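Novice: File follows, run06.txt with compact mmCIF, C-alpha atoms:
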```
# COMPACT_ATOMS: atom_id res chain seq x y z
CA MET A 1 -109.72 84.04 -73.08
CA SER A 2 -110.44 85.23 -69.52
CA VAL A 3 -111.08 81.70 -68.22
CA SER A 4 -108.57 79.49 -70.01
CA LYS A 5 -104.91 79.85 -69.23
CA VAL A 6 -102.07 79.44 -71.64
CA PRO A 7 -101.69 75.71 -72.37
CA ASP A 8 -98.80 74.23 -70.39
CA VAL A 9 -97.96 70.52 -70.61
CA ASN A 10 -96.33 70.73 -67.19
CA ARG A 11 -99.67 71.42 -65.52
CA GLN A 12 -101.24 68.14 -64.53
CA MET A 13 -104.74 69.05 -65.66
CA CYS A 14 -103.80 70.86 -68.87
CA PRO A 15 -105.52 69.21 -71.86
CA SER A 16 -102.37 69.68 -73.94
CA ARG A 17 -100.74 66.96 -71.86
CA LEU A 18 -103.24 64.38 -73.10
CA VAL A 19 -102.58 65.42 -76.69
CA LEU A 20 -98.84 65.04 -76.07
CA GLU A 21 -99.46 61.58 -74.61
CA HIS A 22 -101.37 60.48 -77.70
CA VAL A 23 -98.71 61.79 -80.07
CA THR A 24 -95.89 60.20 -78.06
CA SER A 25 -97.68 56.94 -77.27
CA ARG A 26 -95.71 53.80 -78.05
CA TRP A 27 -97.51 53.15 -81.33
CA GLY A 28 -98.71 56.70 -82.01
CA VAL A 29 -95.15 57.86 -82.70
CA LEU A 30 -94.48 55.06 -85.17
CA VAL A 31 -97.85 55.32 -86.93
CA LEU A 32 -97.56 59.09 -87.39
CA ALA A 33 -93.99 58.79 -88.68
CA ALA A 34 -94.99 56.04 -91.15
CA LEU A 35 -97.98 57.99 -92.47
CA LEU A 36 -95.77 61.01 -93.11
CA GLU A 37 -94.19 59.06 -95.96
CA ARG A 38 -97.43 57.92 -97.60
CA SER A 39 -100.97 56.73 -96.90
CA TYR A 40 -101.42 53.11 -95.85
CA ARG A 41 -104.08 50.47 -95.70
CA PHE A 42 -104.56 48.86 -92.29
CA SER A 43 -102.79 45.59 -93.12
CA GLU A 44 -99.87 47.37 -94.82
CA LEU A 45 -99.44 49.65 -91.83
CA ARG A 46 -99.47 46.69 -89.50
CA ARG A 47 -96.62 45.13 -91.48
CA GLU A 48 -94.70 48.42 -91.52
CA VAL A 49 -94.91 49.02 -87.77
CA GLY A 50 -93.23 45.86 -86.49
CA GLY A 51 -94.78 44.17 -83.47
CA VAL A 52 -98.07 46.06 -83.23
CA SER A 53 -101.14 43.89 -82.62
CA GLU A 54 -104.29 44.33 -84.69
CA LYS A 55 -106.12 45.60 -81.61
CA MET A 56 -103.47 48.14 -80.62
CA LEU A 57 -103.17 49.45 -84.17
CA ALA A 58 -106.95 49.86 -84.42
CA GLN A 59 -107.03 51.70 -81.07
CA THR A 60 -104.09 53.91 -82.01
CA LEU A 61 -105.64 54.84 -85.36
CA GLN A 62 -108.97 55.60 -83.73
CA THR A 63 -107.34 57.88 -81.14
CA LEU A 64 -105.38 59.67 -83.87
CA GLU A 65 -108.50 59.99 -86.00
CA ARG A 66 -110.51 61.46 -83.12
CA ASP A 67 -107.70 63.94 -82.38
CA GLY A 68 -107.91 65.09 -86.00
CA PHE A 69 -104.49 63.75 -87.06
CA VAL A 70 -105.56 60.87 -89.27
CA HIS A 71 -108.22 60.72 -91.96
CA ARG A 72 -109.91 57.34 -92.45
CA ASP A 73 -110.94 57.00 -96.06
CA ALA A 74 -113.34 54.07 -96.60
CA LYS A 75 -113.63 53.43 -100.33
CA PRO A 76 -117.05 52.09 -101.48
CA VAL A 77 -115.56 49.10 -103.31
CA ILE A 78 -115.77 45.33 -102.99
CA PRO A 79 -113.82 44.04 -101.15
CA PRO A 80 -113.89 47.07 -98.77
CA ARG A 81 -110.80 49.22 -98.85
CA VAL A 82 -109.79 51.67 -96.13
CA ASP A 83 -106.87 54.05 -96.48
CA TYR A 84 -105.35 56.02 -93.62
CA THR A 85 -103.90 59.43 -94.46
CA LEU A 86 -102.57 62.32 -92.38
CA THR A 87 -104.64 65.50 -92.14
CA GLU A 88 -102.85 68.86 -92.24
CA LEU A 89 -102.82 68.89 -88.43
CA GLY A 90 -101.54 65.31 -88.45
CA LYS A 91 -98.72 66.29 -90.82
CA GLU A 92 -97.58 68.92 -88.35
CA ALA A 93 -97.57 66.37 -85.50
CA ALA A 94 -95.88 63.75 -87.67
CA GLU A 95 -93.10 66.12 -88.69
CA GLN A 96 -92.26 66.61 -85.04
CA VAL A 97 -92.15 62.91 -84.22
CA TRP A 98 -90.47 62.01 -87.50
CA GLY A 99 -87.54 64.21 -86.53
CA LEU A 100 -87.42 62.52 -83.15
CA ALA A 101 -87.53 59.01 -84.64
CA ARG A 102 -84.73 59.78 -87.11
CA TRP A 103 -82.66 61.43 -84.37
CA THR A 104 -83.04 58.28 -82.26
CA GLU A 105 -81.83 56.09 -85.09
CA ARG A 106 -78.81 58.34 -85.66
CA ARG A 107 -77.83 58.45 -81.99
CA VAL A 108 -78.55 54.93 -80.79
CA ASP A 109 -74.84 54.08 -80.73
CA ALA A 110 -74.08 57.03 -78.44
CA VAL A 111 -76.85 55.88 -76.09
CA HIS A 112 -75.43 52.37 -76.01
CA ALA A 113 -71.97 53.68 -75.17
CA ALA A 114 -73.48 55.78 -72.35
CA ARG A 115 -75.29 52.74 -70.93
CA GLU A 116 -72.16 50.61 -70.94
CA SER A 117 -70.24 53.33 -69.17
CA TYR A 118 -73.04 53.80 -66.61
CA ASP A 119 -73.27 50.07 -65.89
CA ALA A 120 -69.47 49.81 -65.51
CA ARG A 121 -69.48 52.71 -63.01
CA LYS A 122 -72.28 51.12 -60.99
CA GLN A 123 -70.42 47.82 -60.92
CA ASP A 124 -67.26 49.57 -59.70
CA GLN A 125 -69.23 51.22 -56.92
CA SER A 126 -70.81 47.97 -55.75
CA GLY A 127 -67.63 45.87 -56.23
CA MET B 1 -70.77 46.98 -89.88
CA SER B 2 -71.44 43.61 -91.52
CA VAL B 3 -73.66 42.36 -88.70
CA SER B 4 -75.68 45.37 -87.60
CA LYS B 5 -78.25 46.85 -89.92
CA VAL B 6 -79.21 50.46 -90.23
CA PRO B 7 -81.23 51.39 -87.13
CA ASP B 8 -84.95 51.41 -87.89
CA VAL B 9 -87.49 52.16 -85.16
CA ASN B 10 -90.11 50.26 -87.14
CA ARG B 11 -88.26 46.98 -86.62
CA GLN B 12 -89.52 45.36 -83.46
CA MET B 13 -86.09 44.29 -82.20
CA CYS B 14 -84.19 47.42 -83.18
CA PRO B 15 -82.54 48.97 -80.09
CA SER B 16 -83.41 52.44 -81.37
CA ARG B 17 -87.02 51.70 -80.52
CA LEU B 18 -86.20 51.40 -76.82
CA VAL B 19 -84.36 54.72 -76.92
CA LEU B 20 -87.39 56.31 -78.57
CA GLU B 21 -89.61 54.84 -75.85
CA HIS B 22 -87.46 56.35 -73.10
CA VAL B 23 -87.40 59.78 -74.74
CA THR B 24 -91.15 59.73 -75.38
CA SER B 25 -92.15 58.16 -72.06
CA ARG B 26 -94.88 59.98 -70.18
CA TRP B 27 -92.46 61.69 -67.80
CA GLY B 28 -89.33 61.49 -69.96
CA VAL B 29 -90.75 64.05 -72.41
CA LEU B 30 -91.61 66.53 -69.66
CA VAL B 31 -88.34 66.09 -67.74
CA LEU B 32 -86.19 66.55 -70.86
CA ALA B 33 -88.17 69.62 -71.92
CA ALA B 34 -87.86 71.16 -68.43
CA LEU B 35 -84.12 70.52 -68.23
CA LEU B 36 -83.60 72.22 -71.59
CA GLU B 37 -84.42 75.50 -69.87
CA ARG B 38 -82.10 75.06 -66.90
CA SER B 39 -80.70 72.53 -64.42
CA TYR B 40 -82.93 71.48 -61.55
CA ARG B 41 -82.69 69.93 -58.13
CA PHE B 42 -84.89 66.90 -57.60
CA SER B 43 -87.53 68.64 -55.49
CA GLU B 44 -87.69 71.65 -57.83
CA LEU B 45 -88.12 69.37 -60.84
CA ARG B 46 -90.89 67.50 -59.07
CA ARG B 47 -92.74 70.78 -58.55
CA GLU B 48 -92.16 71.81 -62.17
CA VAL B 49 -93.47 68.58 -63.71
CA GLY B 50 -97.00 68.53 -62.29
CA GLY B 51 -98.34 65.21 -61.06
CA VAL B 52 -95.17 63.13 -61.11
CA SER B 53 -94.61 60.96 -58.04
CA GLU B 54 -91.25 60.86 -56.27
CA LYS B 55 -90.78 57.26 -57.36
CA MET B 56 -91.60 57.88 -61.04
CA LEU B 57 -89.38 60.94 -61.20
CA ALA B 58 -86.47 59.01 -59.66
CA GLN B 59 -86.99 56.15 -62.15
CA THR B 60 -87.27 58.54 -65.09
CA LEU B 61 -84.10 60.41 -64.12
CA GLN B 62 -82.21 57.15 -63.64
CA THR B 63 -83.25 55.89 -67.08
CA LEU B 64 -82.28 59.20 -68.68
CA GLU B 65 -78.97 59.20 -66.80
CA ARG B 66 -78.16 55.65 -67.94
CA ASP B 67 -79.01 56.58 -71.54
CA GLY B 68 -76.50 59.42 -71.30
CA PHE B 69 -79.05 62.25 -71.51
CA VAL B 70 -78.90 63.54 -67.95
CA HIS B 71 -75.91 64.26 -65.74
CA ARG B 72 -76.43 63.80 -62.01
CA ASP B 73 -74.20 66.21 -60.16
CA ALA B 74 -73.96 65.40 -56.43
CA LYS B 75 -72.33 68.34 -54.66
CA PRO B 76 -70.23 67.41 -51.59
CA VAL B 77 -72.03 69.83 -49.28
CA ILE B 78 -74.13 69.57 -46.16
CA PRO B 79 -77.07 69.15 -46.56
CA PRO B 80 -76.46 67.05 -49.73
CA ARG B 81 -77.33 68.78 -52.96
CA VAL B 82 -77.93 67.05 -56.28
CA ASP B 83 -78.42 68.92 -59.53
CA TYR B 84 -79.70 67.36 -62.74
CA THR B 85 -78.37 68.79 -65.99
CA LEU B 86 -78.62 67.76 -69.63
CA THR B 87 -75.57 66.33 -71.36
CA GLU B 88 -74.81 67.33 -74.95
CA LEU B 89 -76.64 64.20 -76.13
CA GLY B 90 -79.51 65.02 -73.78
CA LYS B 91 -79.73 68.53 -75.22
CA GLU B 92 -80.21 67.07 -78.69
CA ALA B 93 -83.00 64.79 -77.44
CA ALA B 94 -84.58 67.60 -75.42
CA GLU B 95 -84.63 69.97 -78.40
CA GLN B 96 -86.66 67.39 -80.32
CA VAL B 97 -89.21 66.86 -77.55
CA TRP B 98 -89.29 70.55 -76.63
CA GLY B 99 -90.50 71.34 -80.13
CA LEU B 100 -93.14 68.65 -79.80
CA ALA B 101 -94.34 69.91 -76.40
CA ARG B 102 -94.61 73.51 -77.63
CA TRP B 103 -96.39 72.37 -80.81
CA THR B 104 -98.91 70.48 -78.67
CA GLU B 105 -99.62 73.56 -76.57
CA ARG B 106 -100.12 75.67 -79.70
CA ARG B 107 -102.48 73.19 -81.37
CA VAL B 108 -104.52 71.87 -78.47
CA ASP B 109 -107.54 73.92 -79.56
CA ALA B 110 -107.50 72.39 -83.04
CA VAL B 111 -107.38 68.93 -81.48
CA HIS B 112 -110.35 69.74 -79.28
CA ALA B 113 -112.35 70.96 -82.26
CA ALA B 114 -111.50 67.74 -84.12
CA ARG B 115 -112.65 65.62 -81.18
CA GLU B 116 -115.96 67.44 -80.92
CA SER B 117 -116.58 66.99 -84.61
CA TYR B 118 -115.63 63.28 -84.42
CA ASP B 119 -117.92 62.65 -81.44
CA ALA B 120 -120.81 64.47 -83.16
CA ARG B 121 -120.36 62.34 -86.30
CA LYS B 122 -120.33 59.14 -84.25
CA GLN B 123 -123.48 60.21 -82.43
CA ASP B 124 -125.22 60.94 -85.74
CA GLN B 125 -124.28 57.48 -87.00
CA SER B 126 -125.61 55.71 -83.92
CA GLY B 127 -128.70 57.97 -83.54
```
Written as structure tokens, how would this file's structure read?

Specialist:
Amino acid sequence: MSVSKVPDVNRQMCPSRLVLEHVTSRWGVLVLAALLERSYRFSELRREVGGVSEKMLAQTLQTLERDGFVHRDAKPVIPPRVDYTLTELGKEAAEQVWGLARWTERRVDAVHAARESYDARKQDQSG
Amino acid sequence: MSVSKVPDVNRQMCPSRLVLEHVTSRWGVLVLAALLERSYRFSELRREVGGVSEKMLAQTLQTLERDGFVHRDAKPVIPPRVDYTLTELGKEAAEQVWGLARWTERRVDAVHAARESYDARKQDQSG
């Protein structure tokens, strides 16, 4: 531990920042939160996470798999069946973002009220 | 409440998704987490959040201010002094992302180990 410093997401070159960016990526957040509820097949997950393209979902899952958050379970059946499940590390990450996603849903009305008030103030200043 | 549905970040058109994207934006996460510790002046905050450009920090703060998370306090002094502080709503958001940032720092080594193992498996498969 003489070389490495304490991880600090505020340092530009700290590897923890890249992990944070994967976990908080546009689709990463939603995929992790969905998988916290249950495992999904690719096509099911694509339906669950509205608006994600096949390509972006594949990329997101691959990044999360490489980071050790998602386990890709290819069943040797015909037709092929692949299930995506959280690992223990992935569950920890998903619990963090799940809380954030639910908080956002609870507080969206307060954010809207703040935006209206901000826009009205700006209009007053320019008017 | 007959028109609006329950907010659901998985629905593509749900406004809560945009709030989630602001809170989890590359710089939004780091700015919120920094402001949870104390209020900052612009230049101090730019030093604290490594790698952010002046333009991106200004944009991030403006988005967070409009969403009602950050209060911009312009003091009537010479030279001008502007402090950025979290609102109550911003504190709630920041507590969520603070937990996520600290979790990332704690678990970055596990993620690195997972990546090495993933890359070694892929190399075996292609070799």

Novice: Give me the chain B side of the contact with chain A, cut-off 6 Å, one line per residue showing its nearest atom pair and distance in Å at one decimal, counting all atoms listed in the file, sorted by chain and residue number, as CSV.

Specialist:
```
residue,atom,partner,partner_atom,distance
B:Pro7,CA,A:Glu105,CA,5.2
B:Asn10,CA,A:Val49,CA,5.0
B:Arg11,CA,A:Gly50,CA,5.1
B:Gln12,CA,A:Gly50,CA,4.8
B:Ser16,CA,A:Glu105,CA,5.4
B:Thr24,CA,A:Thr24,CA,5.5
B:Val49,CA,A:Asn10,CA,5.0
B:Gly50,CA,A:Gln12,CA,4.8
B:Gly51,CA,A:Gln12,CA,5.4
B:Arg66,CA,A:Arg115,CA,5.1
B:Asp67,CA,A:Val111,CA,5.1
B:Gly68,CA,A:Ala114,CA,4.8
B:Gln96,CA,A:Leu100,CA,5.7
B:Leu100,CA,A:Gln96,CA,5.7
B:Thr104,CA,A:Ser16,CA,5.9
B:Glu105,CA,A:Pro7,CA,5.2
B:Val108,CA,A:Ser16,CA,5.5
B:Val111,CA,A:Asp67,CA,5.1
B:Ala114,CA,A:Gly68,CA,4.8
B:Arg115,CA,A:Arg66,CA,5.1
B:Tyr118,CA,A:Arg66,CA,5.6
```

Novice: Could you jot down the atom CA of A:Lys122 to atom CA of B:Leu32 separation for me, Å, one decimal place?

Specialist: 23.0 Å

Novice: To one decimal place, how far is atom CA of B:Lys75 from atom CA of B:Arg41 in Å?

Specialist: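 Separating atom CA of B:Lys75 from atom CA of B:Arg41 is a distance of 11.0 Å.
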
Novice: May I ask for the distance between atom CA of A:Gln125 and atom CA of B:Arg46, given in Å to one decimal place?

Specialist: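 These two atoms are separated by 27.2 Å.
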
Novice: Do you know which residues are at most 7 Å from B:Leu35 counting only C-alpha atoms, after dropping those on the same chain fewer than 5 positions away, and could you put them as a PyMOL selection string?

Specialist: chain B and resi 40+85-86

Novice: Work out where the centre of an axis-aligned box around every listed atom of stretch 113-126 of chain A lies and how long its edges are once 5 Å is added on each side; give both in Å to one decimal as AutoDock Vina command-line options.

Specialist:
```
--center_x -71.3 --center_y 51.8 --center_z -65.5 --size_x 18.0 --size_y 18.0 --size_z 29.4
```

Novice: For B:Arg38, which residue out of B:Ser126, B:Arg72, B:Arg121, B:Tyr84 is the nearest one, using all atoms listed in the file?

Specialist: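 Going through B:Ser126, B:Arg72, B:Arg121, B:Tyr84 one by one, the smallest distance to B:Arg38 is for B:Tyr84.
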
Novice: Would you mind listing what lies within 12 Å of B:Pro80 as a list in words, with only C-alpha atoms counted and same-chain residues fewer than 6 positions away left out?

Specialist: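 Once the adjacent positions are removed, what remains is Arg41, Phe42, Asp73 and Ala74 of chain B.
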
Novice: Pick from B:Val70, B:Val77, B:Met56, B:Leu61: nearest to B:Leu36, with all atoms listed in the file counted?

Specialist: B:Val70
